[in-house]
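Undergrad: First, the structure itself, so that you have it in front of you.
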Amino acid sequence: MRKRGVDGFRVLQSEEKEKYQTIMLQITLDMYQTLAAAVVVLALGRFLRGRVRLLERFCIPAPVIGGVLFAIFTCVCYGTGIAEFAFDDILKEVCMVFFFTSVGFQANLKVLRSGGTEMIVFLVLVIGLIVGQNFVAIGLSKVLGISPLVGLCTGSIPMVGGHGTAGAFGPMLEGFGVRGATTLCTAAATYGLIAGSMMGGPVGKTLIEKHDLLKTVVPEDDSLLVEEEIKHERHASMYPSATFQIIIAMGIGTIVSKLLSLTGMTFPVYIGAMIAAACIRNIGEYSGAYVVHMGEINDIGGISLSLFLGMAMITLKLWQLADLAGPLVVLLAGQTVFILLYVVLVVFNVMGRDYDAAVLVSGTCGFGMGATPNAMANMQVVCEKYAPSIKAYLIIPLVGSLFADFLNSLAITLFINLI
């Protein structure tokens with residue numbers, strides 16, 4: 001292989017195109033340049049989402065919009081033999097752990113208990129959804145004659161987990177030999193965002209009108225929503241303390257992760273930090289010894305997620321999807337049919353077959369195939385057309401953002417180790 005230097009970059013002759021004597025430019029970005037590129041991609045995504053109504057309607061994350069465009073650009077460069085990009089993504093893992101640690105802080109047992117029996121029942125239904133998505137993925141992969149680990153790339157990792165979990169578990173699955181797992185997970189997560197947003201409103205509307213559910217609408221007390229909003233108020237002086245709380249949880253989490261590894265099972269790098277954060281949150285809530293600055297932690301987690309997604313998206317290798325395009329379509333179609341059946345036959349009936357249950361169904365479509373913002377957007381459309389549902393507005397964000405990611409990570413880890 002021939003090599004020569006050009007302005008600090010390495011120029012390598014591509015092995016794949018050696019017979020054509022093609023010289024491919026390899027552009028390597030260090031960790032600072034990779035982080036800067038992620039921020040540029042994020043800014044581009046925000047710019048486009050603000051101007052393309054369709055992207056705003058489906059709540060597509062800004063890093064995904066800009067990242068997909070960048071990934072298409074790198075794919076074209078690679079396919080035409082012009083250039084290949086390489087990234088030092090060490091900071092991607094740091095941002096990922098920061099984000100999932102902030103998710104761990106959301107696990108407030110007091111809130112779960114205050115939500116009453118219905119919140120616990122819905123949490124059980126979400127666990128059933130997570131397990132069902134993974135069984136569907138594994139079952140279809142066996143029918144298609146592909147690895148069950150490939151199937152998991154379309155299970156609860158991208159569906160309930162979304163792009164954040166997809167970017168976290170993709171590299172882990174690649175470590176198990178699944179080529180292009182991160183790209184597969186991200187593609188499935190993007191499909192889920194769109195599909196979940198498109199089906200949520202129509203499904204809720206159909207149930208409400210078919211069963212004449214408006215007669216079941218009752219006024220509800222929204223004091224718990226107001227109380228939670230007060231707890232999440234931001235104060236500029238508290239951001240340093242919130243950052244330190246996250247870092248402490250991450251440090252303790254390394255010890256927890258080390259202890260978990262002694263079981264012989266494989267866990268994601270952030271699982272210890274999530275558990276440590278959950279413990280810190282609940283000890284503070286029950287003892288009153290200290291305050292956990294949840295509003296600030298949420299903001300820091302959001303920034304970390306944006307940077308993590310930006311770096312995850314620019315490192316996608318879209319050309320790796322070519323060999324699995326057919327199976328991917330079948331797997332995603334299977335997930336779509338499954339969630340439709342699950343929300344209509346299970347969630348709607350178990351949650352009471354009333355107006356609130358129908359709104360919960362529309363929200364479950366959103367976060368069950370995309371993310372909590374999609375769920376809120378779905379419910380908002382339904383509630384604006386018919387009537388408010390305080391119950392749905394309380395249960396969906398608390399379960400979808402506080403507990404679903406935490407439980408999903410544990411379930412995915414279990415499935416990976418059992419396969």
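Letters A, B, ... go to the chains of the structure tokens in the order shown; residues in each chain start at 1; ligands are counted from 1 in the same order.
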Neighbouring residues of Asp89 in chain A were defined as those with any atom within 8 Å, considering only C-alpha atoms; residues of the same chain fewer than 6 positions away were excluded. Please report them as a list in words.

TA: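 So, after excluding close chain neighbours, the residues are Asp30, Met31, Thr34 and Met311 of chain A.
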
Undergrad: Now that the selection is made, can you save its residues with C-alpha atoms as a PDB file, in the first residue's frame?

TA:
```
ATOM      1  CA  ASP A  30      -8.435  14.249  16.642  1.00  0.00           C
ATOM      2  CA  MET A  31     -10.774  14.389  19.652  1.00  0.00           C
ATOM      3  CA  THR A  34     -14.288  15.589  16.308  1.00  0.00           C
ATOM      4  CA  MET A 311     -20.266  12.558  17.533  1.00  0.00           C
TER       5      MET A 311
END
```

Undergrad: Which of these residues is nearest to Thr190 in chain A, using only C-alpha atoms: A:Gly50, A:Gly167, A:Gly79, A:Gly284?

TA: A:Gly167

Undergrad: Among range 45-104 of chain A, which residues carry a DSSP assignment of helix (DSSP H, G or I), reported as a PyMOL selection string?

TA: chain A and resi 45-51+53-57+62-79+90-104

Undergrad: Considering only C-alpha atoms, return as a ChimeraX atom specification whatever protein or nucleic-acid residues lie within 8 Å of range 341-343 of chain A, sequence-local ones (same chain, fewer than 6 positions apart) excluded.

TA: /A:129,361,364-365

Undergrad: Rank A:Leu54, A:Leu332, A:Val103, A:Leu414 by their smallest atom-to-atom distance to Arg281 in chain A, using only C-alpha atoms, and report the top residue only.

TA: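 Smallest separation from Arg281 in chain A among the options: A:Val103.
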
Undergrad: With only C-alpha atoms as the counted atoms, please give the residues lying no more than 10 Å from Asn134 in chain A, apart from itself and same-chain residues fewer than 6 positions off, as JSON, numbers by chain.

TA: {"A": [140, 148, 151, 152, 153, 154, 155, 156, 157, 159, 335, 411, 412, 415]}
